[in-house]
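A.B. asks: This one is target-v5.cif, mmCIF, C-alpha atoms.
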data_protein
#
loop_
_atom_site.group_PDB
_atom_site.id
_atom_site.type_symbol
_atom_site.label_atom_id
_atom_site.label_comp_id
_atom_site.auth_asym_id
_atom_site.auth_seq_id
_atom_site.Cartn_x
_atom_site.Cartn_y
_atom_site.Cartn_z
ATOM 1 C CA MET A 702 116.617 93.885 105.729
ATOM 2 C CA HIS A 703 119.813 92.067 104.846
ATOM 3 C CA SER A 704 119.104 88.653 106.336
ATOM 4 C CA SER A 705 119.718 85.581 104.216
ATOM 5 C CA LYS A 706 116.783 83.902 105.950
ATOM 6 C CA ASN A 707 113.528 83.770 104.079
ATOM 7 C CA TYR A 708 110.126 83.765 105.707
ATOM 8 C CA LEU A 709 106.684 83.414 104.183
ATOM 9 C CA ILE A 710 105.468 86.723 105.649
ATOM 10 C CA TYR A 711 107.054 89.864 107.057
ATOM 11 C CA LEU A 712 105.469 92.526 109.231
ATOM 12 C CA TYR A 713 106.610 96.107 108.821
ATOM 13 C CA LEU A 714 105.791 97.872 112.090
ATOM 14 C CA ARG A 715 106.784 101.327 113.219
ATOM 15 C CA PRO A 716 108.054 101.375 116.809
ATOM 16 C CA ASP A 717 106.048 104.477 117.779
ATOM 17 C CA ILE A 718 102.705 102.707 117.427
ATOM 18 C CA LYS A 719 100.474 101.293 120.157
ATOM 19 C CA TYR A 720 98.395 98.472 118.694
ATOM 20 C CA LEU A 721 94.840 98.242 119.991
ATOM 21 C CA ASN A 722 93.504 94.914 118.778
ATOM 22 C CA LYS A 723 94.672 91.392 117.997
ATOM 23 C CA PHE A 724 96.181 90.405 114.675
ATOM 24 C CA ASP A 725 94.076 88.060 112.525
ATOM 25 C CA VAL A 726 96.372 85.084 111.806
ATOM 26 C CA ASN A 727 94.081 83.957 108.976
ATOM 27 C CA ILE A 728 95.798 86.612 106.863
ATOM 28 C CA ILE A 729 98.991 84.549 107.035
ATOM 29 C CA ARG A 730 97.167 81.305 106.313
ATOM 30 C CA ASN A 731 95.518 82.796 103.204
ATOM 31 C CA TYR A 732 98.346 85.040 101.983
ATOM 32 C CA LYS A 733 99.143 85.107 98.265
ATOM 33 C CA LYS A 734 102.306 86.471 96.655
ATOM 34 C CA ASN A 735 102.231 90.167 95.694
ATOM 35 C CA GLU A 736 99.606 91.105 98.290
ATOM 36 C CA LEU A 737 100.159 94.059 100.586
ATOM 37 C CA TYR A 738 98.073 94.244 103.734
ATOM 38 C CA THR A 739 97.885 97.681 105.282
ATOM 39 C CA PRO A 740 95.201 99.499 107.325
ATOM 40 C CA SER A 741 92.621 101.572 105.476
ATOM 41 C CA TRP A 742 92.977 104.425 108.005
ATOM 42 C CA GLY A 743 95.763 107.001 107.872
ATOM 43 C CA THR A 744 95.997 106.856 104.095
ATOM 44 C CA PHE A 745 95.490 110.551 103.275
ATOM 45 C CA GLY A 746 94.805 109.688 99.623
ATOM 46 C CA GLY A 747 97.489 106.998 99.408
ATOM 47 C CA LEU A 748 98.574 104.072 101.574
ATOM 48 C CA ASN A 749 99.134 103.805 105.313
ATOM 49 C CA ASP A 750 102.877 104.148 105.959
ATOM 50 C CA ARG A 751 102.804 102.937 109.567
ATOM 51 C CA MET A 752 102.362 99.191 109.199
ATOM 52 C CA CYS A 753 101.978 96.507 106.587
ATOM 53 C CA LEU A 754 102.361 92.807 105.922
ATOM 54 C CA GLY A 755 103.725 91.096 102.823
ATOM 55 C CA ASP A 756 106.234 88.691 101.346
ATOM 56 C CA LYS A 757 109.938 89.534 101.273
ATOM 57 C CA GLN A 758 109.955 91.306 97.888
ATOM 58 C CA THR A 759 106.864 93.340 98.769
ATOM 59 C CA ILE A 760 108.271 94.426 102.128
ATOM 60 C CA LEU A 761 111.649 95.296 100.620
ATOM 61 C CA LYS A 762 109.898 97.544 98.113
ATOM 62 C CA TYR A 763 107.769 99.109 100.870
ATOM 63 C CA GLY A 764 110.665 99.563 103.274
ATOM 64 C CA ASN A 765 113.205 100.848 100.758
ATOM 65 C CA ARG A 766 110.915 103.324 99.030
ATOM 66 C CA ILE A 767 113.239 106.214 99.848
ATOM 67 C CA ALA A 768 115.406 105.009 96.949
ATOM 68 C CA ASN A 769 112.674 106.247 94.583
ATOM 69 C CA ALA A 770 111.976 109.553 96.327
ATOM 70 C CA ALA A 771 114.381 111.836 94.452
ATOM 71 C CA ASN A 772 113.158 110.757 91.028
ATOM 72 C CA TYR A 773 109.487 110.849 92.083
ATOM 73 C CA SER A 774 109.862 114.347 93.538
ATOM 74 C CA LYS A 775 110.975 115.752 90.174
ATOM 75 C CA THR A 776 107.390 115.581 88.916
ATOM 76 C CA ASN A 777 105.266 115.083 92.061
ATOM 77 C CA LYS A 778 104.844 116.549 95.505
ATOM 78 C CA LEU A 779 106.631 114.225 97.921
ATOM 79 C CA HIS A 780 103.717 113.358 100.207
ATOM 80 C CA SER A 781 104.411 110.191 102.211
ATOM 81 C CA GLU A 782 101.159 108.289 101.693
ATOM 82 C CA THR A 783 100.574 109.175 98.026
ATOM 83 C CA PHE A 784 104.239 108.491 97.233
ATOM 84 C CA LEU A 785 103.926 105.082 98.904
ATOM 85 C CA LYS A 786 100.825 104.289 96.844
ATOM 86 C CA ASN A 787 102.809 105.091 93.700
ATOM 87 C CA VAL A 788 105.734 102.908 94.782
ATOM 88 C CA MET A 789 103.436 99.974 95.542
ATOM 89 C CA PHE A 790 101.490 100.237 92.271
ATOM 90 C CA GLY A 791 100.804 96.785 90.857
ATOM 91 C CA HIS A 792 100.450 95.065 94.213
ATOM 92 C CA VAL A 793 97.126 93.730 95.421
ATOM 93 C CA ILE A 794 96.265 96.040 98.341
ATOM 94 C CA LYS A 795 94.164 94.517 101.116
ATOM 95 C CA ASP A 796 92.900 95.982 104.370
ATOM 96 C CA ILE A 797 94.410 94.696 107.587
ATOM 97 C CA LYS A 798 92.034 95.250 110.494
ATOM 98 C CA LEU A 799 94.613 96.613 112.919
ATOM 99 C CA LYS A 800 93.780 99.676 114.951
ATOM 100 C CA ALA A 801 96.537 101.759 116.461
ATOM 101 C CA HIS A 802 97.579 105.121 117.868
ATOM 102 C CA ARG A 803 100.925 106.832 117.562
ATOM 103 C CA VAL A 804 102.842 107.351 120.789
ATOM 104 C CA ARG A 805 104.503 110.776 120.812
ATOM 105 C CA ALA A 806 107.949 111.364 122.334
ATOM 106 C CA ASN A 807 106.272 112.852 125.436
ATOM 107 C CA GLY A 808 104.150 109.707 125.869
ATOM 108 C CA ASN A 809 100.906 111.273 124.657
ATOM 109 C CA LEU A 810 98.776 109.303 122.232
ATOM 110 C CA SER A 811 97.810 110.651 118.839
ATOM 111 C CA ILE A 812 94.398 109.177 118.067
ATOM 112 C CA ASP A 813 94.736 107.989 114.468
ATOM 113 C CA CYS A 814 91.898 105.566 113.915
#
Show the structure stored in the file as structure tokens.

C.D. replies:
Amino acid sequence: MHSSKNYLIYLYLRPDIKYLNKFDVNIIRNYKKNELYTPSWGTFGGLNDRMCLGDKQTILKYGNRIANAANYSKTNKLHSETFLKNVMFGHVIKDIKLKAHRVRANGNLSIDC
């Protein structure tokens, strides 16, 4: 994300996801700085790495987490969801009620939630 534009909220959405329900816009209306909204499913002991919502600084940290991977892996197993939880430590984590399935390259759905 290298845009000079600033928005109140950013959505981080993987392109291989089929969303199953509507987004609750009240999250945007009630958003507070340093909050990270992400689904409570697909966490595997950490945080969901498929979608989230936050302010610019929060999303930059979420989206650029690979920058911390080499250092983290020196002392920890590099597991996507637990690594993400470590990177986002200090943020207020809230559940976003979005349901979704992954769409595989062959078009099949992977039932995730």

A.B. asks: Residues picked by the PyMOL selection byres ((chain A and resi 751) around 12) here, as an MDAnalysis selection string?

C.D. replies: chainID A and resid 712:720 738:744 748:750 752:754 763:764 781:782 785 797 799:803 813

A.B. asks: Quick one: pull the distance between CA of Ser705 (chain A) and CA of Gln758 (chain A), Å, one decimal.

C.D. replies: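 Taking CA of Ser705 (chain A) as the start and CA of Gln758 (chain A) as the end point, the length is 13.0 Å.
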
A.B. asks: Write out as a ChimeraX atom specification which residues come within 7 Å of region 708-711 of chain A when counting all atoms listed in the file, dropping same-chain ones fewer than 5 positions away.

C.D. replies: /A:729,754-757,760

A.B. asks: Could you work out how far CA of Ile767 (chain A) lies from CA of Lys734 (chain A), giving the answer in Å with one decimal?

C.D. replies: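 Pair CA of Lys734 (chain A) / CA of Ile767 (chain A) returns 22.8 Å.
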
A.B. asks: At what distance in Å, to one decimal, does CA of Lys762 (chain A) lie from CA of Leu779 (chain A)?

C.D. replies: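 These atoms are spaced 17.0 Å apart.
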
A.B. asks: Which one is closest to Lys733 (chain A): A:Val804, A:Thr759, A:Asn772, A:Thr783? Count all atoms listed in the file.

C.D. replies: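 Nearest to Lys733 (chain A): A:Thr759.
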
A.B. asks: So, counting only C-alpha atoms, which residue among A:Arg766, A:Arg730, A:Lys706, A:Lys723 is closest to Val788 (chain A)?

C.D. replies: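 Smallest distance to Val788 (chain A) is found for A:Arg766.
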
A.B. asks: Some atoms are missing, so please complete region 732-749 of chain A with N, CA and C atoms and return it as a compact mmCIF listing (two decimals), in the coordinates of the input.

C.D. replies:
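File written: result_33.txt
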# COMPACT_ATOMS: atom_id res chain seq x y z
N TYR A 732 97.53 84.08 102.72
CA TYR A 732 98.35 85.04 101.98
C TYR A 732 98.75 84.51 100.60
N LYS A 733 98.70 85.42 99.62
CA LYS A 733 99.14 85.11 98.26
C LYS A 733 100.23 86.10 97.87
N LYS A 734 101.19 85.63 97.10
CA LYS A 734 102.31 86.47 96.66
C LYS A 734 101.79 87.76 96.02
N ASN A 735 102.51 88.84 96.26
CA ASN A 735 102.23 90.17 95.69
C ASN A 735 101.09 90.90 96.39
N GLU A 736 100.62 90.39 97.52
CA GLU A 736 99.61 91.10 98.29
C GLU A 736 100.30 92.00 99.30
N LEU A 737 99.69 93.14 99.55
CA LEU A 737 100.16 94.06 100.59
C LEU A 737 98.98 94.34 101.49
N TYR A 738 99.11 93.95 102.74
CA TYR A 738 98.07 94.24 103.73
C TYR A 738 98.49 95.48 104.51
N THR A 739 97.62 96.45 104.55
CA THR A 739 97.88 97.68 105.28
C THR A 739 96.54 98.25 105.74
N PRO A 740 96.49 98.96 106.85
CA PRO A 740 95.20 99.50 107.32
C PRO A 740 94.61 100.52 106.35
N SER A 741 93.30 100.61 106.35
CA SER A 741 92.62 101.57 105.48
C SER A 741 92.55 102.96 106.11
N TRP A 742 92.95 103.11 107.36
CA TRP A 742 92.98 104.42 108.00
C TRP A 742 94.37 105.03 107.82
N GLY A 743 94.47 106.32 107.97
CA GLY A 743 95.76 107.00 107.87
C GLY A 743 96.35 106.99 106.49
N THR A 744 95.50 106.94 105.47
CA THR A 744 96.00 106.86 104.10
C THR A 744 96.18 108.22 103.43
N PHE A 745 95.39 109.19 103.80
CA PHE A 745 95.49 110.55 103.28
C PHE A 745 95.62 110.57 101.75
N GLY A 746 94.81 109.75 101.08
CA GLY A 746 94.80 109.69 99.62
C GLY A 746 95.81 108.71 99.04
N GLY A 747 96.49 107.95 99.88
CA GLY A 747 97.49 107.00 99.41
C GLY A 747 97.41 105.70 100.18
N LEU A 748 98.52 105.28 100.76
CA LEU A 748 98.57 104.07 101.57
C LEU A 748 99.12 104.39 102.95
N ASN A 749 98.65 103.67 103.94
CA ASN A 749 99.13 103.80 105.31
C ASN A 749 100.63 103.47 105.34
